[in-house]
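K.L.:
Structure file final.cif (mmCIF, C-alpha atoms) right here:
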data_data
loop_
_atom_site.label_atom_id
_atom_site.label_comp_id
_atom_site.auth_asym_id
_atom_site.auth_seq_id
_atom_site.Cartn_x
_atom_site.Cartn_y
_atom_site.Cartn_z
CA MET F 282 18.39 -0.10 11.45
CA PRO F 283 15.20 0.08 13.53
CA ARG F 284 15.47 -1.04 17.13
CA ASP F 285 14.29 -4.44 18.26
CA TYR F 286 10.58 -4.19 19.11
CA TYR F 287 10.98 -6.13 22.36
CA GLU F 288 13.73 -3.73 23.39
CA VAL F 289 11.51 -0.73 22.55
CA LEU F 290 8.73 -1.96 24.86
CA GLY F 291 11.15 -3.28 27.48
CA VAL F 292 9.78 -6.84 27.49
CA SER F 293 11.30 -10.26 26.89
CA ARG F 294 10.68 -12.34 23.77
CA GLY F 295 8.51 -14.68 25.80
CA ALA F 296 6.28 -11.87 27.09
CA SER F 297 2.54 -12.56 27.18
CA ASP F 298 -0.05 -10.44 25.39
CA GLY F 299 -0.96 -8.85 28.70
CA ASP F 300 2.67 -7.97 29.45
CA ILE F 301 3.02 -6.32 26.04
CA LYS F 302 -0.15 -4.29 26.49
CA ARG F 303 0.85 -3.15 29.98
CA ALA F 304 4.29 -2.13 28.75
CA PHE F 305 2.78 -0.05 25.96
CA ARG F 306 0.36 1.65 28.36
CA LEU F 307 3.22 2.64 30.65
CA LEU F 308 5.19 4.09 27.74
CA ALA F 309 2.11 5.90 26.47
CA ARG F 310 1.64 7.56 29.84
CA GLU F 311 5.30 8.50 29.99
CA LEU F 312 5.60 9.87 26.45
CA HIS F 313 2.23 11.58 25.98
CA PRO F 314 2.79 15.30 25.20
CA ASP F 315 0.45 16.41 27.99
CA VAL F 316 2.67 14.56 30.46
CA ASN F 317 6.14 14.74 28.97
CA LYS F 318 6.81 18.34 27.94
CA HIS F 319 10.58 18.26 28.39
CA ASP F 320 11.74 15.56 25.94
CA PRO F 321 11.78 16.94 22.36
CA ASN F 322 11.94 13.36 21.05
CA ALA F 323 8.87 12.17 22.97
CA GLU F 324 6.65 12.05 19.88
CA GLU F 325 9.13 9.98 17.86
CA LYS F 326 9.63 7.62 20.81
CA PHE F 327 5.86 7.28 21.14
CA LYS F 328 5.51 6.40 17.45
CA GLU F 329 8.31 3.85 17.81
CA ALA F 330 6.50 2.27 20.78
CA ALA F 331 3.19 2.30 18.88
CA GLU F 332 4.82 0.56 15.91
CA ALA F 333 6.32 -2.08 18.21
CA TYR F 334 2.94 -2.64 19.87
CA GLU F 335 1.14 -2.90 16.51
CA VAL F 336 3.43 -5.79 15.53
CA LEU F 337 3.79 -7.64 18.83
CA SER F 338 0.08 -7.47 19.69
CA ASP F 339 -0.83 -9.23 16.42
CA PRO F 340 -0.06 -13.00 16.67
CA GLU F 341 0.63 -13.46 12.94
CA ARG F 342 2.89 -10.41 12.65
CA ARG F 343 4.68 -11.35 15.86
CA ARG F 344 5.45 -14.83 14.50
CA THR F 345 6.78 -13.29 11.27
CA TYR F 346 8.91 -10.81 13.21
CA ASP F 347 10.28 -13.48 15.55
CA ALA F 348 11.28 -15.64 12.58
CA PHE F 349 12.51 -13.07 10.05
CA GLY F 350 12.84 -9.72 11.84
CA HIS F 351 12.08 -6.34 10.26
CA GLU F 352 12.85 -7.54 6.74
CA GLY F 353 10.26 -10.29 7.05
CA LEU F 354 7.57 -7.71 7.85
CA LYS F 355 8.55 -5.60 4.83
CA THR F 356 8.47 -8.62 2.55
CA GLY F 357 4.96 -9.41 3.79
CA GLY F 358 3.74 -5.96 2.79
CA TRP F 359 3.26 -4.57 6.32
CA ALA F 360 3.64 -0.83 6.80
CA PRO F 361 3.82 0.85 10.24
CA ALA F 362 1.49 3.59 11.43
CA SER F 363 4.27 6.18 11.35
CA ASP F 364 2.43 8.29 8.78
CA PHE F 365 -0.39 9.04 11.23
CA GLY F 366 -0.57 12.66 12.20
CA SER F 367 -1.14 12.64 15.95
CA PHE F 368 -1.03 10.62 19.14
CA GLU F 369 -4.78 10.15 18.97
CA ASP F 370 -4.48 8.79 15.41
CA ILE F 371 -1.98 6.19 16.55
CA LEU F 372 -3.90 5.18 19.67
CA SER F 373 -7.16 4.91 17.73
CA THR F 374 -5.50 2.31 15.51
CA PHE F 375 -5.22 -0.03 18.49
CA PHE F 376 -8.10 0.91 20.80
CA GLY F 377 -10.69 2.75 18.66
CA ARG F 378 -11.42 6.44 18.75
CA GLY F 379 -13.35 7.46 21.84
CA ASP F 380 -12.42 4.28 23.70
CA PRO F 381 -12.52 4.63 27.52
CA LEU F 382 -8.88 3.54 27.57
CA PHE F 383 -7.90 7.14 26.84
CA GLY F 384 -9.28 8.14 30.23
CA GLU F 385 -7.59 5.19 31.90
CA LEU F 386 -4.33 5.95 30.14
CA PHE F 387 -3.98 9.63 30.95
CA GLY F 388 -6.21 10.19 33.97
CA PHE F 389 -9.12 12.06 32.40
CA GLY F 390 -12.27 11.17 30.51
CA ARG F 391 -13.26 11.97 26.96
CA THR F 392 -14.16 15.66 26.68
CA GLY F 393 -15.94 15.78 23.33
CA PRO F 394 -17.99 13.80 20.82
CA ALA F 395 -16.53 10.42 19.94
CA SER F 396 -14.87 10.06 16.58
CA GLY F 397 -15.98 7.23 14.32
CA GLY F 398 -14.27 3.86 14.39
CA ASP F 399 -12.18 2.40 11.61
CA LEU F 400 -13.40 -0.22 9.15
CA ALA F 401 -11.68 -3.01 7.24
CA ALA F 402 -12.49 -4.45 3.83
CA ARG F 403 -10.79 -6.85 1.44
CA VAL F 404 -10.52 -6.95 -2.35
CA GLU F 405 -8.88 -9.39 -4.74
CA VAL F 406 -7.07 -8.43 -7.93
CA SER F 407 -5.36 -10.40 -10.68
CA LEU F 408 -1.69 -10.32 -11.59
CA ASP F 409 -2.59 -8.50 -14.82
CA GLU F 410 -4.25 -5.78 -12.73
CA VAL F 411 -1.10 -5.48 -10.61
CA LEU F 412 0.70 -4.55 -13.84
CA THR F 413 -1.61 -1.64 -14.69
CA GLY F 414 -3.44 -0.75 -11.49
CA THR F 415 -7.21 -0.95 -11.25
CA THR F 416 -10.28 0.10 -9.27
CA ARG F 417 -12.56 -2.01 -7.09
CA GLU F 418 -15.93 -1.21 -5.57
CA VAL F 419 -16.23 -2.39 -1.97
CA ARG F 420 -19.50 -2.73 -0.07
CA PHE F 421 -19.73 -2.62 3.71
CA ASP F 422 -22.09 -1.74 6.54
CA ALA F 423 -21.10 1.48 8.27
CA VAL F 424 -22.44 3.99 10.76
CA SER F 425 -23.44 6.98 8.61
CA ALA F 426 -25.02 10.37 9.17
CA CYS F 427 -28.81 10.16 9.27
CA ASP F 428 -30.35 11.50 6.06
CA ARG F 429 -33.59 12.56 7.74
CA CYS F 430 -32.02 14.91 10.28
CA ARG F 431 -28.76 15.44 8.38
CA GLY F 432 -26.83 14.25 11.38
CA ASN F 433 -28.04 16.78 13.97
CA GLY F 434 -30.35 14.31 15.78
CA ALA F 435 -33.43 16.58 15.68
CA GLU F 436 -36.73 15.89 13.95
CA PRO F 437 -36.83 18.18 10.89
CA GLY F 438 -38.51 21.50 11.68
CA THR F 439 -37.96 21.26 15.44
CA PRO F 440 -35.47 23.43 17.38
CA ILE F 441 -32.09 22.47 18.76
CA ARG F 442 -31.38 24.25 22.02
CA THR F 443 -28.35 24.84 24.21
CA CYS F 444 -27.78 21.96 26.62
CA ASP F 445 -29.07 23.03 30.03
CA ARG F 446 -26.81 20.60 31.87
CA CYS F 447 -23.41 21.85 30.62
CA GLY F 448 -24.51 25.32 29.52
CA GLY F 449 -23.40 24.67 25.95
CA SER F 450 -19.76 23.85 26.73
CA GLY F 451 -20.15 20.14 26.06
CA GLN F 452 -18.06 19.42 29.15
CA LEU F 453 -18.63 18.86 32.85
CA ARG F 454 -16.05 19.50 35.57
CA GLN F 455 -15.69 17.38 38.66
CA VAL F 456 -13.73 18.71 41.65
CA SER F 457 -12.47 16.32 44.31
CA ARG F 458 -10.20 16.80 47.31
CA THR F 459 -7.08 14.69 47.73
CA VAL F 460 -4.10 14.76 50.08
CA PHE F 461 -2.32 16.83 47.43
CA GLY F 462 -5.12 19.39 47.23
CA GLN F 463 -8.02 19.86 44.86
CA MET F 464 -8.13 17.76 41.68
CA VAL F 465 -10.27 18.93 38.79
CA ARG F 466 -11.39 16.43 36.17
CA THR F 467 -13.05 17.43 32.95
CA GLY F 468 -15.27 15.01 31.06
CA MET F 469 -17.80 14.94 28.29
CA CYS F 470 -21.37 15.93 29.08
CA SER F 471 -23.41 12.75 28.81
CA ALA F 472 -26.65 14.65 28.13
CA CYS F 473 -25.51 16.26 24.86
CA ARG F 474 -22.56 13.90 24.17
CA GLY F 475 -20.14 16.79 24.07
CA THR F 476 -21.90 18.83 21.39
CA GLY F 477 -23.28 21.48 23.76
CA ARG F 478 -26.71 21.28 22.10
CA ARG F 479 -29.77 19.07 22.52
CA ALA F 480 -32.66 18.35 20.19
CA GLU F 481 -36.02 19.32 21.64
CA GLN F 482 -37.64 16.51 19.64
CA PRO F 483 -35.31 13.64 18.67
CA CYS F 484 -35.34 12.44 15.05
CA ARG F 485 -37.65 9.46 14.71
CA GLU F 486 -35.33 7.81 12.17
CA CYS F 487 -32.16 7.75 14.30
CA ARG F 488 -33.79 8.42 17.72
CA GLY F 489 -31.66 11.49 18.23
CA GLU F 490 -28.33 9.76 17.59
CA GLY F 491 -27.75 11.58 14.30
CA ARG F 492 -26.34 8.34 12.89
CA VAL F 493 -27.73 5.13 11.41
CA VAL F 494 -26.19 1.92 10.10
CA ARG F 495 -26.54 1.37 6.37
CA GLU F 496 -24.73 -0.26 3.48
CA ARG F 497 -22.20 1.91 1.72
CA THR F 498 -20.07 1.50 -1.39
CA TRP F 499 -16.66 2.96 -2.07
CA GLU F 500 -14.55 3.05 -5.21
CA VAL F 501 -11.01 2.03 -4.28
CA ASP F 502 -8.02 2.83 -6.48
CA VAL F 503 -5.59 -0.11 -6.37
CA PRO F 504 -2.14 1.08 -7.49
CA ALA F 505 0.09 -0.82 -9.89
CA GLY F 506 2.78 -2.93 -8.22
CA ILE F 507 0.86 -3.64 -5.02
CA GLU F 508 1.71 -6.85 -3.17
CA SER F 509 -0.69 -9.27 -1.58
CA GLY F 510 -1.50 -8.30 2.01
CA GLN F 511 -0.77 -4.60 1.66
CA ARG F 512 -3.43 -2.18 2.90
CA ILE F 513 -4.84 0.99 1.40
CA ARG F 514 -5.97 3.64 3.91
CA ILE F 515 -8.90 5.84 2.91
CA THR F 516 -9.21 8.69 5.39
CA GLY F 517 -12.72 9.51 6.57
CA ALA F 518 -14.41 6.54 4.89
CA GLY F 519 -15.02 4.60 8.13
CA HIS F 520 -17.82 4.89 10.68
CA ALA F 521 -19.25 8.39 11.07
CA GLY F 522 -18.43 10.05 14.39
CA GLN F 523 -20.90 11.67 16.72
CA PRO F 524 -22.12 15.11 15.57
CA GLY F 525 -19.14 17.42 15.45
CA ALA F 526 -16.53 14.62 15.44
CA ALA F 527 -14.44 13.15 12.63
CA SER F 528 -15.22 9.91 10.84
CA GLY F 529 -12.94 6.90 11.08
CA ASP F 530 -10.87 5.47 8.25
CA LEU F 531 -11.35 2.55 5.88
CA TYR F 532 -8.49 0.07 5.50
CA VAL F 533 -8.70 -2.07 2.37
CA GLU F 534 -6.50 -5.16 2.30
CA VAL F 535 -5.52 -6.21 -1.21
CA LEU F 536 -5.09 -9.90 -2.06
CA VAL F 537 -3.39 -10.82 -5.34
CA ALA F 538 -4.83 -14.01 -6.82
CA GLU F 539 -2.46 -16.75 -7.89
CA ASP F 540 -1.83 -16.98 -11.62
CA GLU F 541 -1.29 -20.39 -13.23
CA ARG F 542 0.98 -18.85 -15.87
CA PHE F 543 3.48 -17.08 -13.65
CA GLU F 544 5.12 -17.21 -10.26
CA ARG F 545 5.78 -13.85 -8.62
CA VAL F 546 9.11 -13.17 -6.93
CA GLY F 547 8.95 -9.52 -5.85
CA ARG F 548 8.89 -7.52 -9.06
CA ASP F 549 10.11 -10.49 -11.14
CA LEU F 550 7.95 -13.10 -12.85
CA VAL F 551 8.97 -16.71 -13.48
CA SER F 552 7.30 -19.05 -15.96
CA ARG F 553 8.03 -22.44 -17.50
CA ALA F 554 8.37 -23.33 -21.18
CA GLU F 555 8.86 -26.78 -22.67
CA ILE F 556 11.36 -27.37 -25.48
CA PRO F 557 12.33 -30.59 -27.26
CA ALA F 558 15.76 -32.00 -26.46
CA THR F 559 16.88 -31.34 -30.03
CA ARG F 560 15.97 -27.64 -29.73
CA ALA F 561 17.89 -27.51 -26.45
CA MET F 562 20.94 -28.93 -28.22
CA LEU F 563 20.73 -26.74 -31.32
CA GLY F 564 19.19 -23.55 -29.89
CA GLY F 565 16.87 -21.26 -31.82
CA PRO F 566 13.75 -19.10 -31.47
CA LEU F 567 10.88 -20.00 -29.13
CA THR F 568 7.58 -18.18 -28.58
CA VAL F 569 6.59 -17.81 -24.91
CA GLU F 570 3.74 -16.16 -23.03
CA THR F 571 4.47 -13.06 -20.94
CA ILE F 572 2.19 -10.73 -19.00
CA ASP F 573 2.46 -8.36 -22.00
CA GLY F 574 1.47 -11.05 -24.51
CA GLU F 575 3.49 -13.48 -26.61
CA GLN F 576 7.21 -12.80 -27.05
CA GLU F 577 9.93 -14.58 -29.00
CA ILE F 578 13.07 -15.59 -27.13
CA ASP F 579 16.36 -16.92 -28.44
CA VAL F 580 17.22 -20.25 -26.82
CA PRO F 581 21.02 -20.66 -26.64
CA ALA F 582 22.46 -23.87 -28.01
CA GLY F 583 23.21 -26.46 -25.34
CA VAL F 584 20.81 -25.05 -22.77
CA GLN F 585 20.32 -27.36 -19.78
CA PRO F 586 17.05 -28.33 -18.01
CA GLY F 587 16.07 -25.71 -15.43
CA GLU F 588 18.14 -22.91 -16.94
CA ALA F 589 16.33 -19.65 -17.67
CA VAL F 590 16.24 -17.03 -20.38
CA THR F 591 15.65 -13.54 -18.94
CA LEU F 592 13.43 -10.93 -20.58
CA ARG F 593 14.50 -7.59 -19.13
CA GLY F 594 11.77 -5.18 -18.03
CA LEU F 595 8.86 -7.57 -18.60
CA GLY F 596 8.12 -8.22 -14.93
CA LEU F 597 5.88 -6.16 -12.61
CA PRO F 598 6.32 -2.52 -11.60
CA GLY F 599 7.27 -1.53 -8.10
CA LEU F 600 4.79 0.27 -5.89
CA GLY F 601 4.91 4.02 -6.41
CA GLY F 602 6.01 3.91 -10.04
CA ALA F 603 9.32 2.08 -9.62
CA SER F 604 10.75 0.41 -12.72
CA ARG F 605 9.54 -3.02 -13.78
CA GLY F 606 11.31 -6.23 -12.88
CA ASP F 607 12.28 -9.04 -15.25
CA HIS F 608 10.59 -12.15 -16.61
CA HIS F 609 12.59 -15.37 -16.29
CA VAL F 610 11.54 -18.22 -18.60
CA VAL F 611 12.64 -21.57 -17.12
CA LEU F 612 13.29 -24.09 -19.89
CA ASP F 613 11.93 -27.59 -19.32
CA VAL F 614 13.74 -29.94 -21.73
CA VAL F 615 11.41 -32.69 -23.00
CA VAL F 616 13.05 -35.98 -23.99
CA PRO F 617 11.24 -37.65 -26.93
CA VAL F 618 9.69 -41.09 -26.42
CA ASP F 619 8.37 -43.89 -28.69
CA LEU F 620 11.09 -43.44 -31.32
CA ASP F 621 10.58 -45.22 -34.65
CA PRO F 622 13.48 -47.27 -36.08
CA ASP F 623 14.89 -44.41 -38.17
CA GLN F 624 14.77 -41.98 -35.24
CA ARG F 625 16.40 -44.52 -32.95
CA GLU F 626 19.18 -45.09 -35.45
CA LEU F 627 19.86 -41.34 -35.64
CA ALA F 628 19.84 -41.07 -31.84
CA GLU F 629 22.33 -43.96 -31.56
CA GLN F 630 24.62 -42.31 -34.10
CA LEU F 631 24.49 -39.07 -32.12
CA ASP F 632 25.15 -40.87 -28.85
CA GLU F 633 28.20 -42.63 -30.29
CA SER F 634 29.59 -39.36 -31.61
CA LEU F 635 29.39 -37.44 -28.30
CA ASP F 636 32.53 -37.02 -26.20
CA GLU F 637 33.49 -35.32 -22.92
CA ILE F 638 33.68 -31.90 -24.55
CA ASN F 639 30.05 -32.14 -25.64
CA LEU F 640 28.94 -33.12 -22.14
CA ARG F 641 30.68 -30.36 -20.18
CA ARG F 642 28.30 -28.23 -18.09
CA GLU F 643 30.64 -25.59 -16.65
CA GLY F 644 29.60 -21.95 -16.94
CA ARG F 645 25.95 -22.67 -17.54
CA GLY F 646 23.26 -20.05 -16.91
CA ARG F 647 21.11 -19.50 -13.82
CA ARG F 648 18.96 -22.44 -12.79
CA TRP F 649 15.50 -21.98 -11.29
CA ARG F 650 13.28 -24.25 -9.26
CA LEU F 651 9.65 -23.20 -9.50
CA GLY F 652 7.47 -23.50 -6.43
CA GLY F 653 10.27 -22.59 -4.04
CA HIS F 654 9.42 -18.89 -3.88
CA ARG F 655 6.69 -16.94 -2.15
CA ARG F 656 3.58 -17.10 -4.27
CA ALA F 657 0.78 -14.58 -4.46
CA ARG F 658 -1.82 -15.35 -1.77
CA ARG F 659 -5.43 -16.10 -2.57
#
Would you mind writing the structure in this file as structure tokens?
P.N.:
Amino acid sequence: MPRDYYEVLGVSRGASDGDIKRAFRLLARELHPDVNKHDPNAEEKFKEAAEAYEVLSDPERRRTYDAFGHEGLKTGGWAPASDFGSFEDILSTFFGRGDPLFGELFGFGRTGPASGGDLAARVEVSLDEVLTGTTREVRFDAVSACDRCRGNGAEPGTPIRTCDRCGGSGQLRQVSRTVFGQMVRTGMCSACRGTGRRAEQPCRECRGEGRVVRERTWEVDVPAGIESGQRIRITGAGHAGQPGAASGDLYVEVLVAEDERFERVGRDLVSRAEIPATRAMLGGPLTVETIDGEQEIDVPAGVQPGEAVTLRGLGLPGLGGASRGDHHVVLDVVVPVDLDPDQRELAEQLDESLDEINLRREGRGRRWRLGGHRRARR
């Protein structure tokens, strides 16, 4: 079982947002590989702290965690950042790549071009598309490489020379004296932004930045079985970084629209079907709608209101190709009204003939109450 997130950060359950952030900063300093070179588990501990911070710094996720714990987060479709490849990847999730916090956190400034920031988008899919998977085109404004200068910041046809301030290294060193001796700090050259080269004549389209803001489109593959609120990470599809630096990522949140026909309960689907009271007493075939089309079910004789007939394997698939769930058809017994004299006479004869054996309800099937489960969010 994963450790309690409050225990991981060393804070109480009533800790403020500021307390949580300070606790994470202290752990980040302690566990960063440039500082802690003796603990072989430092990286895993750092990822654990980053996961705890990601949850507790988000008010909605924190409320879910406080109420339902780790299982509540999984049910809501949240996935931790444990698949990120490096410390910088994890930190950029919270603070943005190239954020000055890196210098504050570890005692030195940024030494190279800033990577691009991450972007978020949202798409909506239907329950039928959850069954098969689908694609969606998303549109968003993003910092992109300038087409005129191809991202180098120079007016086409003009030279790009070595930066005379840093000598082409992209970095500047600052030496200061302290009571412990000399301290050398290395930071990014502000003149060339860490690239080591400067355009003699800046591009008139991007003014030498090498980047412009424009609308972009991206085709997103939405996998079958996805749940509402889950995110798809597309590496490198976010804001473009400064020349020589990586782009950020695009996170696409998927919302599954509610479907009037079915209620989703994990991989299972639940629907309602009406049957006359006589059919409930006698049993027999009944045609119902499923996500795969119409299917015929066999209603058992004596079925009670709210009991369900289960169609195995006609629910939704699990994410990653897991097998499909089931479809539960809840039977809503309809009592006839406005009986004519002949019908009433027959009903009275039936009523007089019933005894305690006919009215026993022991051993009945599973009963469902629709509307009591988590529905797909809109």
K.L.:
Which residues, written as a PyMOL selection string, have at least one atom at most 12 Å from F:Val537, with only C-alpha atoms counted and residues fewer than 2 positions away on the same chain left out?
P.N.:
chain F and resi 358+403-412+414+503+505-512+534-535+539-540+544-545+656-659
K.L.:
Applying the PyMOL selection byres ((chain F and resi 517-529) around 9) to the file I just gave you, which residues come out? Please list them as number ranges by chain.
P.N.:
F: 377-378, 393-401, 422-426, 432-434, 474-476, 490-492, 494, 499, 514-516, 530-532
K.L.:
Let's have the selection written as a short mmCIF file (atom, residue, chain, number, x, y, z; two decimals), keeping the file's coordinate frame, with C-alpha atoms.
P.N.:
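Produced file selection02.cif, reproduced below:
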data_model
loop_
_atom_site.label_atom_id
_atom_site.label_comp_id
_atom_site.auth_asym_id
_atom_site.auth_seq_id
_atom_site.Cartn_x
_atom_site.Cartn_y
_atom_site.Cartn_z
CA GLY F 377 -10.69 2.75 18.66
CA ARG F 378 -11.42 6.44 18.75
CA GLY F 393 -15.94 15.78 23.33
CA PRO F 394 -17.99 13.80 20.82
CA ALA F 395 -16.53 10.42 19.94
CA SER F 396 -14.87 10.06 16.58
CA GLY F 397 -15.98 7.23 14.32
CA GLY F 398 -14.27 3.86 14.39
CA ASP F 399 -12.18 2.40 11.61
CA LEU F 400 -13.40 -0.22 9.15
CA ALA F 401 -11.68 -3.01 7.24
CA ASP F 422 -22.09 -1.74 6.54
CA ALA F 423 -21.10 1.48 8.27
CA VAL F 424 -22.44 3.99 10.76
CA SER F 425 -23.44 6.98 8.61
CA ALA F 426 -25.02 10.37 9.17
CA GLY F 432 -26.83 14.25 11.38
CA ASN F 433 -28.04 16.78 13.97
CA GLY F 434 -30.35 14.31 15.78
CA ARG F 474 -22.56 13.90 24.17
CA GLY F 475 -20.14 16.79 24.07
CA THR F 476 -21.90 18.83 21.39
CA GLU F 490 -28.33 9.76 17.59
CA GLY F 491 -27.75 11.58 14.30
CA ARG F 492 -26.34 8.34 12.89
CA VAL F 494 -26.19 1.92 10.10
CA TRP F 499 -16.66 2.96 -2.07
CA ARG F 514 -5.97 3.64 3.91
CA ILE F 515 -8.90 5.84 2.91
CA THR F 516 -9.21 8.69 5.39
CA ASP F 530 -10.87 5.47 8.25
CA LEU F 531 -11.35 2.55 5.88
CA TYR F 532 -8.49 0.07 5.50
#
K.L.:
Quick one: pull the distance between atom CA of F:Glu311 and atom CA of F:Tyr286, Å, one decimal.
P.N.:
17.5 Å
K.L.:
Nearest to F:Phe421: which of F:Thr559, F:Gln482, F:Thr345, F:Thr498 is it, counting only C-alpha atoms?
P.N.:
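Smallest distance to F:Phe421 is found for F:Thr498.
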K.L.:
My list of candidates is F:Thr415, F:Leu312, F:Arg560, F:Gly451. Which is closest to F:Glu325 when distances are computed with all atoms listed in the file?
P.N.:
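Of F:Thr415, F:Leu312, F:Arg560, F:Gly451, the one nearest F:Glu325 is F:Leu312, counting all atoms listed in the file.
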K.L.:
Go through F:Thr568, F:Pro622, F:Ser604, F:Arg294 and flag the residue nearest F:Ala348, using all atoms listed in the file for the distances.
P.N.:
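Of the candidates, the smallest distance to F:Ala348 is held by F:Arg294.
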K.L.:
From the options F:Leu453, F:Cys447, F:Val501, F:Leu600, which residue's atoms come nearest to F:Val419, counting only C-alpha atoms?
P.N.:
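For F:Val419, the nearest of the candidates is F:Val501.
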K.L.:
Could you jot down the atom CA of F:Leu631 to atom CA of F:Glu577 separation for me, Å, one decimal place?
P.N.:
28.7 Å
K.L.:
Report the distance between atom CA of F:Leu550 and atom CA of F:Gly606 in Å, rounded to one decimal place.
P.N.:
7.6 Å
K.L.:
To test the calculation: enclose all listed atoms of stretch 592-609 of chain F in a box whose edges run along x, y and z, add 3 Å on each side, then state centre and edge lengths in Å to one decimal, as AutoDock Vina command-line options.
P.N.:
--center_x 9.6 --center_y -5.7 --center_z -13.2 --size_x 15.7 --size_y 25.4 --size_z 20.7
K.L.:
Which residue gives the smallest distance to F:Val533 among F:Glu324, F:Glu626, F:Glu500, F:Asp636, with all atoms listed in the file counted?
P.N.:
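Counting all atoms listed in the file, the residue closest to F:Val533 is F:Glu500.
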